[in-house]
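Student: This structure is in structure tokens; I'll ask about it shortly.
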Amino acid sequence: GSVVGVITGSHNECGGSYTETWTYVDDCEREISHSRTITVDPAPQAAFVEMPGDTSMACDDAPPSGTSLGYSNGATTGACEISGSVVGVITGSHNECGGSYTETWTYVDDCEREISHSRTITVDPVPAASFDSIDDINIYCEDLGSFTPGSLSYSNGAGTNACDISGSVMGIADPFDGNCGQFDVHFSYTDECGRTITATQVVTVIDETAPVITCPEPMTICNDGFPAELTASWTDNCLDGGTLTAGPTNIRYREDMCAELADYVFTVSDGCGNETTETCTVTREFDKYDNCETAFAMDMETASCFIPDFKRWGWTNAYDEGDSSELPLYAGAAHCDYENKGTLVGSVTVDYSIEGEITVTYNINEGYGMKEAHVYVGCDMYPEKNGTPTVAPGQYTFNSGSLDNSNGISVTFNDVYGSVYVIAHAVTCEELCKCSDRPWTDDGNTYNVDLGINCGGEAKMASTKDVDFTAYPVPFDQEVNIKYSFDYDTDVNIEVFDMKGALIRKAENTQYIKGTVETAKLDLSRTDNQMFFVRLSTNKGTAVKKIVSYSPQ
């Protein structure tokens, strides 16, 4: 007979198995059995239908979202067919500098068989920015202090908000020292991605103004030599300036011959092609006297011409005690012809109004100067030399020595009594040029001469009992002591004269008390070795003594 096998088991797409068993039991309850296993193969494993490759996206694209990817095992029967789709999973990020995403698809079937695929999505960075164009500029050096670098715009020109880069930066100027030349202004921008762009602007500094030179003051000098060197100052529109030195050149006379001119030429450059040369002219004026002539004073009432007693012309003038007169002083009056040949160059005042004293004062007219003055005061009409009358000025009572074109001096003769003769001689010169202001060195000099003559008058000289003093040491070195004592209260005046009669030292005691011993110490250290006259005067008279200085060399 036959039996039908009994099937046990199950399967799905993952496979399975069945067991088919045949059993027969006979009437004797004897059993026979046979089994077999039927193995069910699993369904074919699925695979993705497509395998997308890597790709890229723009910076302004939105972050990607997962895409659907189909899978299938290619079976054609429903029992074994596996198909469907999965959505990719996105991981990653991006910004303006770029980035990347990974998209992964994964499918696990019921049999826990897994398939997977990934791709990379690269995000491009935003385009790099660039600066706008910039022009080089020129500025004047005067404006350099207020110069401020400008700003410069940059952009990447993307045109979309997500990828746009734009803005501006301020320039940074290189250090610059001077008044012309060039320096750079630098612009730099670094974006978020670390990309740096730069630009440079060239600034040219221009100086078109030349320096200014100012001549020193004063530009006119009197009676001095030209300076060996002058210093001028200079200033500039853009430099600190300073000083310049130059020596004299092109020395020449002025047209009136009363001055010399010298040019001091100064040159300075500002280093930018602007140069200045300035000529500063110094005028050296001077006092100039020429056409010198012998001059004599003539008293219109008492004068006697030297001629015919002597071959040379001139006048001797007679005076009595108490007289005072002003005499015209004529130069070049040959043969005593003052009206036709003489030139009035000044006047001489003879003052005999003070008892025992006669003062002769020269007053030189404007436009003339006196080089020498000689005065004779004596009992006779003329002085004598070796017993013979003479009118040579060198033999007169007073000799001034050389004078610096003086406008006048005064000579006082002391201890003079009776009727006297006075000869006032001078050498005068015409003033051709004059720049200095009076008074000069010898203007107004005063001299004293202790004459001690009595020409028939009543001399009222103090006795040594009333006025006396002691000078020591004699000879003295540098300092001399004048010691005195009187039996009356008085003012005491001490005067020291040189051999020419010039007063060189003076001392005064206005509070002398009788019976006291006083000493005046006089410093003569700046005088040469010579003889001096010391005159001491009190209320009762005057005493004169000679002293000698001696300083060992």
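Simple scheme: letters A, B, ... for chains in structure tokens order, numbers from 1 for residues in each chain, numbers from 1 for ligands in the order shown.
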When DSSP is applied to the backbone of this structure, which of stretch 36-229 of chain A are assigned strand (DSSP E or B)? Write them out as a ChimeraX atom specification.
Tutor: /A:36-40,47-48,55-57,68-72,83-87,89-95,98-108,114-123,130-131,137-140,151-155,166-170,172-173,181-190,196-206,212-214,220-222
Student: Please provide the set of residues having any atom within 12 Å of A:Tyr338, restricted to only C-alpha atoms, with same-chain residues fewer than 2 positions apart removed, written as a list in words.
Tutor: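 Returned residues: Ala295, Phe296, Ala297, Met298, Met300, Cys305, Trp313, Gly314, Trp315, Pro328, Leu329, Tyr330, Ala331, Gly332, Ala333, Ala334, His335, Cys336, Asn340, Lys341, Gly342, Thr343, Leu344 and Val345 of chain A.
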Student: Find the residues near A:Val480: any atom within 7 Å, counting only C-alpha atoms, skip ones fewer than 5 places away on the same chain, and give them as a list of chain:residue names.
Tutor: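 The filter keeps A:Ala471, A:Tyr472, A:Pro473, A:Lys521, A:Leu522, A:Asp523.
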Student: Please, could you write that set of residues out with all heavy atoms as a compact mmCIF listing (two decimals), in the first residue's frame?
Tutor:
```
# COMPACT_ATOMS: atom_id res chain seq x y z
N ALA A 471 101.76 164.11 51.56
CA ALA A 471 101.51 163.00 50.62
C ALA A 471 102.59 161.95 50.85
O ALA A 471 103.79 162.26 50.87
CB ALA A 471 101.54 163.50 49.18
N TYR A 472 102.20 160.71 50.99
CA TYR A 472 103.17 159.64 51.21
C TYR A 472 102.58 158.32 50.70
O TYR A 472 101.34 158.19 50.61
CB TYR A 472 103.53 159.53 52.70
CG TYR A 472 102.38 159.07 53.58
CD1 TYR A 472 102.18 157.70 53.87
CD2 TYR A 472 101.47 159.99 54.11
CE1 TYR A 472 101.13 157.29 54.66
CE2 TYR A 472 100.43 159.57 54.91
CZ TYR A 472 100.25 158.22 55.18
OH TYR A 472 99.20 157.80 55.97
N PRO A 473 103.37 157.31 50.38
CA PRO A 473 104.83 157.43 50.21
C PRO A 473 105.15 158.17 48.91
O PRO A 473 104.34 158.20 47.99
CB PRO A 473 105.29 155.97 50.13
CG PRO A 473 104.12 155.25 49.54
CD PRO A 473 102.89 155.95 50.07
N LYS A 521 92.94 157.92 50.89
CA LYS A 521 93.76 156.98 50.11
C LYS A 521 93.25 157.01 48.66
O LYS A 521 92.08 156.72 48.39
CB LYS A 521 93.66 155.57 50.68
CG LYS A 521 94.49 154.54 49.93
CD LYS A 521 94.45 153.19 50.61
CE LYS A 521 95.19 153.23 51.93
NZ LYS A 521 95.31 151.87 52.53
N LEU A 522 94.13 157.34 47.72
CA LEU A 522 93.77 157.47 46.31
C LEU A 522 94.42 156.35 45.51
O LEU A 522 95.64 156.14 45.60
CB LEU A 522 94.19 158.84 45.76
CG LEU A 522 93.64 160.05 46.51
CD1 LEU A 522 94.18 161.34 45.90
CD2 LEU A 522 92.11 160.06 46.48
N ASP A 523 93.61 155.67 44.71
CA ASP A 523 94.10 154.56 43.87
C ASP A 523 94.49 155.11 42.50
O ASP A 523 93.66 155.58 41.72
CB ASP A 523 92.99 153.51 43.71
CG ASP A 523 93.47 152.31 42.91
OD1 ASP A 523 94.64 152.27 42.48
OD2 ASP A 523 92.64 151.39 42.68
```
Student: Please provide as a PyMOL selection string all residues within 6 Å of stretch 222-237 of chain A, with the sequence filter that same-chain residues fewer than 5 positions apart are discarded (counting only C-alpha atoms).
Tutor: chain A and resi 211-216+242-247+284-286+435
Student: I'd like the neighbourhood of stretch 368-385 of chain A as a VMD selection string, where a residue qualifies if any of its atoms comes within 7 Å (using only C-alpha atoms), though same-chain residues fewer than 6 positions away should be ignored.
Tutor: chain A and resid 316 345 391 393 395 to 407 419 to 431 455
Student: Store the residues picked out above, limited to N, CA and C atoms, as a tab-separated table (two decimals), in the first residue's frame.
Tutor:
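As a result, part-v4.tsv now contains:
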```tsv
chain	number	residue	atom	x	y	z
A	316	THR	N	97.18	187.55	20.10
A	316	THR	CA	97.29	187.50	21.55
A	316	THR	C	96.30	188.51	22.11
A	345	VAL	N	85.01	178.93	12.95
A	345	VAL	CA	84.85	177.52	13.30
A	345	VAL	C	84.37	177.33	14.73
A	391	VAL	N	105.70	182.20	19.27
A	391	VAL	CA	104.26	181.90	19.19
A	391	VAL	C	104.05	180.44	18.80
A	393	PRO	N	102.93	176.95	19.23
A	393	PRO	CA	101.97	176.40	20.20
A	393	PRO	C	102.60	175.43	21.18
A	395	GLN	N	105.03	175.77	22.92
A	395	GLN	CA	105.60	176.47	24.07
A	395	GLN	C	104.53	177.12	24.93
A	396	TYR	N	103.24	176.87	24.62
A	396	TYR	CA	102.17	177.51	25.38
A	396	TYR	C	102.04	176.86	26.75
A	397	THR	N	101.29	177.54	27.60
A	397	THR	CA	101.13	177.08	28.98
A	397	THR	C	100.43	175.73	29.07
A	398	PHE	N	99.49	175.52	28.18
A	398	PHE	CA	98.69	174.28	28.21
A	398	PHE	C	98.72	173.62	26.83
A	399	ASN	N	98.91	172.33	26.81
A	399	ASN	CA	98.89	171.54	25.57
A	399	ASN	C	97.95	170.36	25.78
A	400	SER	N	96.88	170.29	25.02
A	400	SER	CA	95.87	169.23	25.21
A	400	SER	C	96.35	167.87	24.73
A	401	GLY	N	97.37	167.89	23.87
A	401	GLY	CA	97.68	166.64	23.20
A	401	GLY	C	96.67	166.39	22.08
A	402	SER	N	96.71	165.21	21.50
A	402	SER	CA	95.80	164.89	20.39
A	402	SER	C	94.38	164.72	20.90
A	403	LEU	N	93.42	165.37	20.24
A	403	LEU	CA	92.01	165.28	20.58
A	403	LEU	C	91.25	164.57	19.46
A	404	ASP	N	90.18	163.92	19.86
A	404	ASP	CA	89.38	163.15	18.90
A	404	ASP	C	88.26	164.03	18.33
A	405	ASN	N	88.70	165.05	17.52
A	405	ASN	CA	87.73	165.94	16.89
A	405	ASN	C	86.72	166.46	17.92
A	406	SER	N	87.24	166.96	18.98
A	406	SER	CA	86.42	167.43	20.10
A	406	SER	C	85.55	168.61	19.70
A	407	ASN	N	84.39	168.73	20.37
A	407	ASN	CA	83.54	169.90	20.14
A	407	ASN	C	83.76	170.97	21.21
A	419	SER	N	97.07	191.69	35.25
A	419	SER	CA	96.75	191.75	33.82
A	419	SER	C	97.53	190.69	33.08
A	420	VAL	N	96.83	189.92	32.26
A	420	VAL	CA	97.46	188.79	31.56
A	420	VAL	C	97.15	188.86	30.08
A	421	TYR	N	97.93	188.07	29.33
A	421	TYR	CA	97.66	187.86	27.92
A	421	TYR	C	97.22	186.40	27.72
A	422	VAL	N	96.29	186.23	26.79
A	422	VAL	CA	95.78	184.89	26.51
A	422	VAL	C	95.87	184.64	25.01
A	423	ILE	N	96.51	183.54	24.64
A	423	ILE	CA	96.49	183.07	23.24
A	423	ILE	C	95.75	181.72	23.23
A	424	ALA	N	94.69	181.66	22.46
A	424	ALA	CA	93.92	180.41	22.34
A	424	ALA	C	94.10	179.88	20.94
A	425	HIS	N	94.84	178.79	20.82
A	425	HIS	CA	95.14	178.19	19.52
A	425	HIS	C	94.43	176.84	19.41
A	426	ALA	N	94.09	176.46	18.20
A	426	ALA	CA	93.48	175.14	17.97
A	426	ALA	C	93.81	174.66	16.57
A	427	VAL	N	93.74	173.40	16.37
A	427	VAL	CA	93.76	172.81	15.03
A	427	VAL	C	92.36	172.22	14.81
A	428	THR	N	91.65	172.78	13.84
A	428	THR	CA	90.28	172.32	13.57
A	428	THR	C	90.19	171.72	12.18
A	429	CYS	N	89.28	170.76	12.05
A	429	CYS	CA	89.10	170.07	10.78
A	429	CYS	C	87.63	170.11	10.38
A	430	GLU	N	87.42	170.14	9.09
A	430	GLU	CA	86.05	170.18	8.57
A	430	GLU	C	85.42	168.80	8.67
A	431	GLU	N	84.20	168.78	9.13
A	431	GLU	CA	83.46	167.51	9.25
A	431	GLU	C	82.89	167.14	7.87
A	455	CYS	N	100.83	189.01	37.75
A	455	CYS	CA	101.20	190.00	36.73
A	455	CYS	C	100.83	191.41	37.19
```
Student: Mind checking which residues fall within 8 Å of A:Val544, counting only C-alpha atoms, ignoring those fewer than 3 positions away in the same chain, and posting them as an MDAnalysis selection string?
Tutor: chainID A and resid 450 533:536
Student: Write out as an mmCIF file with C-alpha atoms, in the first residue's frame which residues come within 7 Å of A:Ser485 when counting only C-alpha atoms, dropping same-chain ones fewer than 6 positions away.
Tutor:
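Result saved to result24.cif:
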```cif
data_model
loop_
_atom_site.group_PDB
_atom_site.id
_atom_site.type_symbol
_atom_site.label_atom_id
_atom_site.label_comp_id
_atom_site.auth_asym_id
_atom_site.auth_seq_id
_atom_site.Cartn_x
_atom_site.Cartn_y
_atom_site.Cartn_z
ATOM 1 C CA GLY A 515 91.677 169.316 65.070
ATOM 2 C CA THR A 516 91.121 165.836 63.604
ATOM 3 C CA VAL A 517 93.669 164.030 61.476
ATOM 4 C CA GLU A 518 92.232 162.612 58.257
#
```
Student: Would you please work out which residue, of A:Thr388, A:Asn250, A:Thr104, A:Gly150, is nearest to A:Met170 when using only C-alpha atoms?
Tutor: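 Ranked by minimum distance to A:Met170, first place goes to A:Gly150.
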